[in-house]
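S.K.: Next up, protein22.tsv (TSV, C-alpha atoms).
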chain	number	residue	atom	x	y	z
A	1	MET	CA	52.68	128.66	77.03
A	2	ALA	CA	50.87	125.73	75.46
A	3	SER	CA	49.60	122.87	77.55
A	4	TYR	CA	48.14	119.47	76.75
A	5	ASN	CA	44.58	118.62	77.73
A	6	TYR	CA	45.15	115.53	79.88
A	7	SER	CA	41.42	114.89	80.13
A	8	THR	CA	41.75	112.98	76.84
A	9	SER	CA	40.32	109.48	77.08
A	10	SER	CA	42.53	106.73	78.47
A	11	ASN	CA	42.67	104.98	75.09
A	12	ALA	CA	43.89	108.15	73.41
A	13	ALA	CA	46.45	108.69	76.17
A	14	VAL	CA	47.84	105.20	75.64
A	15	LEU	CA	47.99	105.82	71.89
A	16	TRP	CA	49.94	109.05	72.38
A	17	LEU	CA	52.31	107.30	74.76
A	18	LEU	CA	52.99	104.66	72.13
A	19	ILE	CA	53.61	107.35	69.53
A	20	LEU	CA	56.04	109.11	71.86
A	21	CYS	CA	57.97	105.89	72.51
A	22	ILE	CA	58.05	104.84	68.87
A	23	PHE	CA	59.51	108.17	67.84
A	24	GLY	CA	62.17	108.33	70.54
A	25	SER	CA	60.66	110.65	73.11
A	26	CYS	CA	60.58	107.98	75.83
A	27	SER	CA	64.35	107.55	75.75
A	28	ALA	CA	66.39	108.37	78.82
A	29	GLY	CA	69.35	109.00	76.52
A	30	ASN	CA	72.23	106.67	75.79
A	31	PHE	CA	75.17	107.84	73.71
A	32	PHE	CA	75.73	104.40	72.19
A	33	LYS	CA	72.12	104.36	70.97
A	34	ASP	CA	71.69	108.02	70.07
A	35	PHE	CA	75.01	109.06	68.48
A	36	ASP	CA	77.77	108.04	66.09
A	37	ILE	CA	81.37	109.11	66.66
A	38	THR	CA	82.27	110.67	63.32
A	39	TRP	CA	85.87	111.79	63.70
A	40	GLY	CA	88.75	112.13	66.14
A	41	ASP	CA	90.58	108.77	65.93
A	42	GLY	CA	89.75	107.69	69.48
A	43	ARG	CA	89.56	111.16	71.01
A	44	ALA	CA	85.79	110.83	71.45
A	45	LYS	CA	84.84	108.31	74.14
A	46	ILE	CA	81.51	106.92	75.31
A	47	LEU	CA	81.82	105.82	78.93
A	48	ASP	CA	79.80	104.51	81.90
A	49	ASN	CA	77.55	102.22	79.87
A	50	GLY	CA	76.62	105.00	77.48
A	51	THR	CA	75.68	107.66	80.04
A	52	LEU	CA	78.80	109.84	79.62
A	53	LEU	CA	80.52	111.21	76.53
A	54	THR	CA	83.88	113.01	76.38
A	55	LEU	CA	85.29	114.88	73.39
A	56	SER	CA	88.99	115.74	73.40
A	57	LEU	CA	91.31	118.00	71.42
A	58	ASP	CA	95.09	117.81	71.12
A	59	LYS	CA	97.54	119.35	68.67
A	60	ALA	CA	96.91	116.60	66.11
A	61	SER	CA	93.10	116.60	66.07
A	62	GLY	CA	89.82	117.38	67.72
A	63	SER	CA	86.79	115.06	67.75
A	64	GLY	CA	83.09	115.01	67.03
A	65	ILE	CA	79.77	113.16	67.03
A	66	GLN	CA	76.44	113.30	65.22
A	67	SER	CA	72.99	112.01	66.14
A	68	LYS	CA	71.74	108.85	64.51
A	69	ASN	CA	68.34	110.49	64.03
A	70	GLU	CA	67.29	113.51	62.03
A	71	TYR	CA	64.76	115.85	63.63
A	72	LEU	CA	62.15	118.22	62.25
A	73	PHE	CA	61.16	120.29	65.30
A	74	GLY	CA	61.90	119.28	68.85
A	75	LYS	CA	63.11	120.12	72.32
A	76	ILE	CA	66.76	119.09	72.56
A	77	ASP	CA	68.55	119.07	75.94
A	78	MET	CA	72.16	118.23	76.74
A	79	GLN	CA	74.19	118.70	79.89
A	80	LEU	CA	77.74	119.89	79.19
A	81	LYS	CA	80.82	120.62	81.28
A	82	PHE	CA	83.49	122.58	79.44
A	83	VAL	CA	87.28	122.51	79.34
A	84	PRO	CA	88.63	123.91	82.63
A	85	GLY	CA	91.63	126.21	83.03
A	86	ASN	CA	93.32	127.78	80.02
A	87	SER	CA	91.13	126.77	77.08
A	88	ALA	CA	91.90	129.81	74.90
A	89	GLY	CA	91.69	129.01	71.20
A	90	THR	CA	89.35	126.05	71.61
A	91	VAL	CA	85.73	125.89	70.49
A	92	THR	CA	83.16	123.38	71.68
A	93	THR	CA	80.12	123.18	69.41
A	94	TYR	CA	76.59	121.88	69.97
A	95	TYR	CA	74.21	122.49	67.08
A	96	LEU	CA	71.48	121.26	64.77
A	97	SER	CA	72.14	121.29	61.03
A	98	SER	CA	70.77	119.98	57.76
A	99	GLN	CA	72.99	119.35	54.74
A	100	GLY	CA	73.67	121.08	51.43
A	101	PRO	CA	74.34	124.61	50.18
A	102	THR	CA	70.93	125.86	51.36
A	103	HIS	CA	71.15	124.19	54.75
A	104	ASP	CA	69.44	125.32	57.95
A	105	GLU	CA	71.34	125.44	61.24
A	106	ILE	CA	70.76	126.32	64.90
A	107	ASP	CA	74.07	126.92	66.69
A	108	PHE	CA	75.49	126.92	70.17
A	109	GLU	CA	79.28	127.45	70.14
A	110	PHE	CA	81.34	127.88	73.30
A	111	LEU	CA	84.57	129.85	72.95
A	112	GLY	CA	87.40	128.98	75.33
A	113	ASN	CA	89.32	131.47	77.42
A	114	LEU	CA	92.34	132.17	79.51
A	115	SER	CA	92.02	130.75	83.01
A	116	GLY	CA	89.82	132.99	85.11
A	117	GLU	CA	88.06	134.66	82.19
A	118	PRO	CA	84.45	133.83	81.24
A	119	TYR	CA	83.46	131.56	78.39
A	120	ILE	CA	81.64	133.23	75.49
A	121	VAL	CA	78.43	131.57	74.29
A	122	HIS	CA	78.10	132.19	70.55
A	123	THR	CA	74.70	131.60	68.91
A	124	ASN	CA	73.61	131.74	65.29
A	125	VAL	CA	70.66	130.76	63.08
A	126	TYR	CA	71.06	129.79	59.42
A	127	THR	CA	68.12	129.64	57.03
A	128	GLN	CA	68.50	128.44	53.44
A	129	GLY	CA	72.28	128.65	53.67
A	130	LYS	CA	72.42	132.17	55.11
A	131	GLY	CA	73.60	132.91	58.64
A	132	ASP	CA	75.10	136.20	59.87
A	133	ARG	CA	72.70	136.25	62.84
A	134	GLU	CA	75.20	136.04	65.67
A	135	GLN	CA	74.47	136.90	69.27
A	136	GLN	CA	77.08	136.34	71.98
A	137	PHE	CA	76.79	136.13	75.75
A	138	TYR	CA	78.80	135.62	78.89
A	139	LEU	CA	77.41	133.10	81.36
A	140	TRP	CA	76.46	133.94	84.95
A	141	PHE	CA	78.29	130.88	86.35
A	142	ASP	CA	81.48	128.88	85.76
A	143	PRO	CA	80.55	126.34	83.04
A	144	THR	CA	83.71	124.31	83.71
A	145	ALA	CA	82.93	123.55	87.37
A	146	ASP	CA	79.87	121.39	86.82
A	147	PHE	CA	77.33	120.22	84.25
A	148	HIS	CA	74.66	122.65	83.05
A	149	THR	CA	71.74	122.08	80.68
A	150	TYR	CA	71.80	123.72	77.25
A	151	SER	CA	68.51	123.49	75.36
A	152	ILE	CA	67.07	124.26	71.95
A	153	ILE	CA	63.31	124.47	71.45
A	154	TRP	CA	62.48	124.50	67.74
A	155	ASN	CA	58.88	124.56	66.62
A	156	PRO	CA	56.94	126.13	63.73
A	157	GLN	CA	56.56	129.41	65.64
A	158	THR	CA	59.98	130.04	67.17
A	159	ILE	CA	63.47	128.92	68.16
A	160	ILE	CA	64.45	129.38	71.82
A	161	PHE	CA	68.00	128.96	73.14
A	162	SER	CA	68.07	128.26	76.91
A	163	VAL	CA	70.61	127.60	79.65
A	164	ASP	CA	69.35	125.78	82.76
A	165	GLY	CA	65.81	126.71	81.72
A	166	THR	CA	66.61	130.42	81.32
A	167	PRO	CA	66.10	131.67	77.75
A	168	ILE	CA	69.02	133.65	76.34
A	169	ARG	CA	67.75	134.13	72.80
A	170	GLU	CA	64.61	133.78	70.70
A	171	PHE	CA	64.34	133.74	66.91
A	172	LYS	CA	60.70	133.98	65.88
A	173	ASN	CA	59.07	132.84	62.67
A	174	LEU	CA	58.61	136.05	60.68
A	175	GLU	CA	57.85	134.58	57.29
A	176	LYS	CA	54.91	136.99	57.12
A	177	ILE	CA	57.40	139.83	56.56
A	178	GLY	CA	59.66	137.82	54.27
A	179	VAL	CA	62.21	136.41	56.74
A	180	PRO	CA	62.98	132.73	56.00
A	181	PHE	CA	62.47	130.32	58.90
A	182	PRO	CA	63.80	126.76	59.19
A	183	LYS	CA	60.80	124.45	59.01
A	184	THR	CA	61.19	122.03	56.08
A	185	GLN	CA	64.70	120.57	56.40
A	186	ALA	CA	65.37	117.85	58.95
A	187	MET	CA	68.52	118.35	61.03
A	188	ARG	CA	70.93	116.13	62.90
A	189	LEU	CA	72.47	117.15	66.19
A	190	TYR	CA	76.24	117.59	66.08
A	191	SER	CA	78.88	118.31	68.69
A	192	SER	CA	82.63	118.73	68.42
A	193	ILE	CA	85.72	120.28	69.94
A	194	TRP	CA	88.36	121.82	67.71
A	195	ASN	CA	91.11	124.39	67.48
A	196	ALA	CA	90.01	127.83	66.27
A	197	ASP	CA	92.78	130.01	67.62
A	198	GLN	CA	92.86	131.98	64.37
A	199	TRP	CA	89.66	133.73	65.49
A	200	ALA	CA	88.10	132.33	68.67
A	201	THR	CA	89.82	134.16	71.55
A	202	ARG	CA	89.97	137.93	71.25
A	203	GLY	CA	89.79	137.69	67.48
A	204	GLY	CA	92.71	135.29	67.31
A	205	LEU	CA	95.11	137.34	69.40
A	206	ILE	CA	95.48	134.56	71.98
A	207	LYS	CA	96.70	131.22	70.66
A	208	THR	CA	96.08	127.74	71.99
A	209	ASP	CA	98.63	126.68	74.62
A	210	TRP	CA	99.20	123.02	73.75
A	211	THR	CA	101.02	122.36	77.02
A	212	HIS	CA	97.51	122.14	78.53
A	213	ALA	CA	96.32	119.50	76.03
A	214	PRO	CA	94.35	117.34	75.83
A	215	PHE	CA	91.39	119.67	76.21
A	216	THR	CA	88.28	117.68	77.18
A	217	ALA	CA	84.57	118.57	77.28
A	218	SER	CA	82.06	116.22	78.94
A	219	TYR	CA	78.43	115.43	78.11
A	220	ARG	CA	75.55	113.64	79.82
A	221	ASN	CA	71.74	113.43	80.01
A	222	PHE	CA	70.95	113.92	76.35
A	223	ASN	CA	67.21	114.09	75.77
A	224	ALA	CA	65.30	114.69	72.56
A	225	GLU	CA	61.54	115.17	72.66
A	226	ALA	CA	61.44	115.54	68.92
A	227	CYS	CA	59.91	114.64	65.60
A	228	ILE	CA	62.10	112.08	63.88
A	229	GLU	CA	62.48	112.01	60.12
A	230	SER	CA	63.82	109.25	57.90
A	231	SER	CA	63.78	108.38	54.23
A	232	SER	CA	61.10	105.79	54.90
A	233	ARG	CA	58.48	107.98	56.55
A	234	VAL	CA	57.29	111.53	56.91
A	235	SER	CA	58.00	113.47	60.09
A	236	SER	CA	56.38	112.06	63.20
A	237	CYS	CA	55.12	115.59	63.81
A	238	THR	CA	53.02	115.73	60.66
A	239	SER	CA	49.85	114.26	62.15
A	240	VAL	CA	50.53	115.55	65.65
A	241	ALA	CA	50.90	119.14	64.49
A	242	GLN	CA	47.51	118.92	62.82
A	243	SER	CA	45.88	117.47	65.93
A	244	ASN	CA	43.96	119.47	68.51
A	245	HIS	CA	45.46	117.28	71.26
A	246	SER	CA	49.23	117.42	70.87
A	247	PRO	CA	51.03	115.60	73.71
A	248	TRP	CA	54.10	117.79	73.15
A	249	PRO	CA	53.84	121.21	74.84
A	250	TRP	CA	57.04	122.34	73.11
A	251	LEU	CA	55.41	121.98	69.67
A	252	SER	CA	53.53	125.24	70.22
A	253	GLN	CA	55.57	126.68	73.09
A	254	GLN	CA	56.46	130.35	73.20
A	255	LEU	CA	57.85	132.50	75.98
A	256	ASP	CA	55.40	133.36	78.74
A	257	PRO	CA	55.73	136.72	80.60
A	258	THR	CA	58.02	135.25	83.27
A	259	LEU	CA	60.42	133.82	80.72
A	260	GLU	CA	60.23	137.04	78.69
A	261	GLU	CA	61.53	138.87	81.77
A	262	ARG	CA	64.33	136.30	82.20
A	263	LEU	CA	65.28	136.77	78.56
A	264	LYS	CA	65.45	140.55	79.01
A	265	TRP	CA	67.58	140.09	82.14
A	266	VAL	CA	70.10	137.93	80.28
A	267	GLN	CA	70.25	140.22	77.27
A	268	LYS	CA	70.65	143.33	79.42
A	269	ASN	CA	73.36	141.93	81.68
A	270	TYR	CA	75.21	139.27	79.69
A	271	MET	CA	74.86	139.95	75.96
A	272	ILE	CA	78.16	141.16	74.49
A	273	TYR	CA	77.33	141.13	70.77
A	274	ASN	CA	74.09	141.46	68.81
A	275	TYR	CA	74.08	141.53	65.01
A	276	CYS	CA	70.88	143.55	65.21
A	277	THR	CA	72.77	146.55	66.60
A	278	ASP	CA	75.83	146.26	64.32
A	279	THR	CA	75.10	149.04	61.85
A	280	LYS	CA	78.71	149.03	60.58
A	281	ARG	CA	78.29	145.44	59.48
A	282	PHE	CA	75.05	146.19	57.65
A	283	PRO	CA	75.57	149.64	56.07
A	284	GLN	CA	72.63	149.07	53.73
A	285	GLY	CA	70.31	148.54	56.68
A	286	LEU	CA	69.80	145.97	59.41
A	287	PRO	CA	68.11	142.64	58.58
A	288	GLN	CA	64.30	142.72	58.54
A	289	GLU	CA	63.93	140.69	61.76
A	290	CYS	CA	66.00	143.29	63.61
A	291	ASN	CA	63.60	146.06	62.65
A	292	ALA	CA	60.78	143.87	63.94
A	293	LYS	CA	62.63	143.78	67.30
A	294	VAL	CA	62.28	140.05	67.73
A	295	SER	CA	65.76	138.80	66.76
Let's see the structure in the file written out as structure tokens.

M.R.:
Amino acid sequence: MASYNYSTSSNAAVLWLLILCIFGSCSAGNFFKDFDITWGDGRAKILDNGTLLTLSLDKASGSGIQSKNEYLFGKIDMQLKFVPGNSAGTVTTYYLSSQGPTHDEIDFEFLGNLSGEPYIVHTNVYTQGKGDREQQFYLWFDPTADFHTYSIIWNPQTIIFSVDGTPIREFKNLEKIGVPFPKTQAMRLYSSIWNADQWATRGGLIKTDWTHAPFTASYRNFNAEACIESSSRVSSCTSVAQSNHSPWPWLSQQLDPTLEERLKWVQKNYMIYNYCTDTKRFPQGLPQECNAKVS
């Protein structure tokens, strides 16, 4: 795992600190400052002076937000607490996405359940408009009882999905064998809650029970150590990535042996679907990254 050489001169350290603050990495996270409510007609609420966000779904509508900033690489953390009780048919999303027909996307989706059954964590990676890279997991705790941290590390080498610091999935950059990797399109962070009972719970067999509405998911402690893009300047990572003294360990982070073992533990015990083993879905052969065994 990469580390920063903190023996850099004090002047350089101050300069890096200023760069971090200018580009948003010093923020403690405030939903008023960091996000826009984009839909839901009052069903999305920012509370407690900007430290808490709730998204709600009823029979008329769900709700959603998007980040004010666009990011090109970063470590994105959010603490979420999901809809308790019977949430079958609902989907809570938390993902990075660019725009357009050849968009890139890094997805967390959380599929609701009947009371007492585990949530399903659905992950996907889109590159140049193409997805079909789903992996799904159960969690090893009740995600409705308390807040837990869901993280995306996205750098030029890899994408790592983590829960409370435990990696559940890695998608490596395999451009060398012809697999596209998202690295040129800036993405906003989006989150929403909506009704997907046509497919979400047991393939749509279980419908949303609206007597339990409104369904509400809660958010706190958003943090983005990330490279911010805008129309007025190039990515804040451009010069940093070329430097020999990056202050951002995540910019070159990969899984160390300990985290590799944690990833194997999750995938052995909690993975319930992997596109890389679905030969019926890909009768002409599995995607190239699956054959490289680093999906």

S.K.: I'd like the interatomic distance between CA of Asn269 (chain A) and CA of Asp142 (chain A), to a tenth of an Å.

M.R.: 15.9 Å

S.K.: Do you know which residues are at most 9 Å from Leu174 (chain A) counting only C-alpha atoms, after dropping those on the same chain fewer than 6 positions away, and could you put them as an mmCIF file with C-alpha atoms, in the coordinates of the input?

M.R.:
data_model
loop_
_atom_site.group_PDB
_atom_site.id
_atom_site.type_symbol
_atom_site.label_atom_id
_atom_site.label_comp_id
_atom_site.auth_asym_id
_atom_site.auth_seq_id
_atom_site.Cartn_x
_atom_site.Cartn_y
_atom_site.Cartn_z
ATOM 1 C CA GLN A 157 56.560 129.410 65.640
ATOM 2 C CA THR A 158 59.980 130.040 67.170
ATOM 3 C CA PRO A 180 62.980 132.730 56.000
ATOM 4 C CA PHE A 181 62.470 130.320 58.900
ATOM 5 C CA GLU A 289 63.930 140.690 61.760
ATOM 6 C CA ALA A 292 60.780 143.870 63.940
ATOM 7 C CA VAL A 294 62.280 140.050 67.730
#

S.K.: Which value, in Å to one decimal, gives the distance between CA of Cys276 (chain A) and CA of Lys176 (chain A)?

M.R.: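 We find that CA of Cys276 (chain A) and CA of Lys176 (chain A) lie 19.1 Å from each other.
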
S.K.: Could you tell me which of A:Thr277, A:Ser98, A:Ser218, A:Ser67 comes closest to Thr144 (chain A) if we count all atoms listed in the file?

M.R.: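 Closest candidate: A:Ser218.
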
S.K.: When you draw a straight line from CA of Asp256 (chain A) to CA of Val179 (chain A), how long is it in Å?

M.R.: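 Going from CA of Asp256 (chain A) over to CA of Val179 (chain A), I get 23.2 Å.
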
S.K.: Which residues, written as an NGL selection string, have at least one atom at most 7 Å from Phe161 (chain A), with all atoms listed in the file counted and residues fewer than 6 positions away on the same chain left out?

M.R.: :A and (151-153 or 167-170)

S.K.: Hey, which of A:Gly89, A:Gly165, A:Pro249, A:Gly129 ends up closest to Asp197 (chain A)? Count all atoms listed in the file.

M.R.: A:Gly89
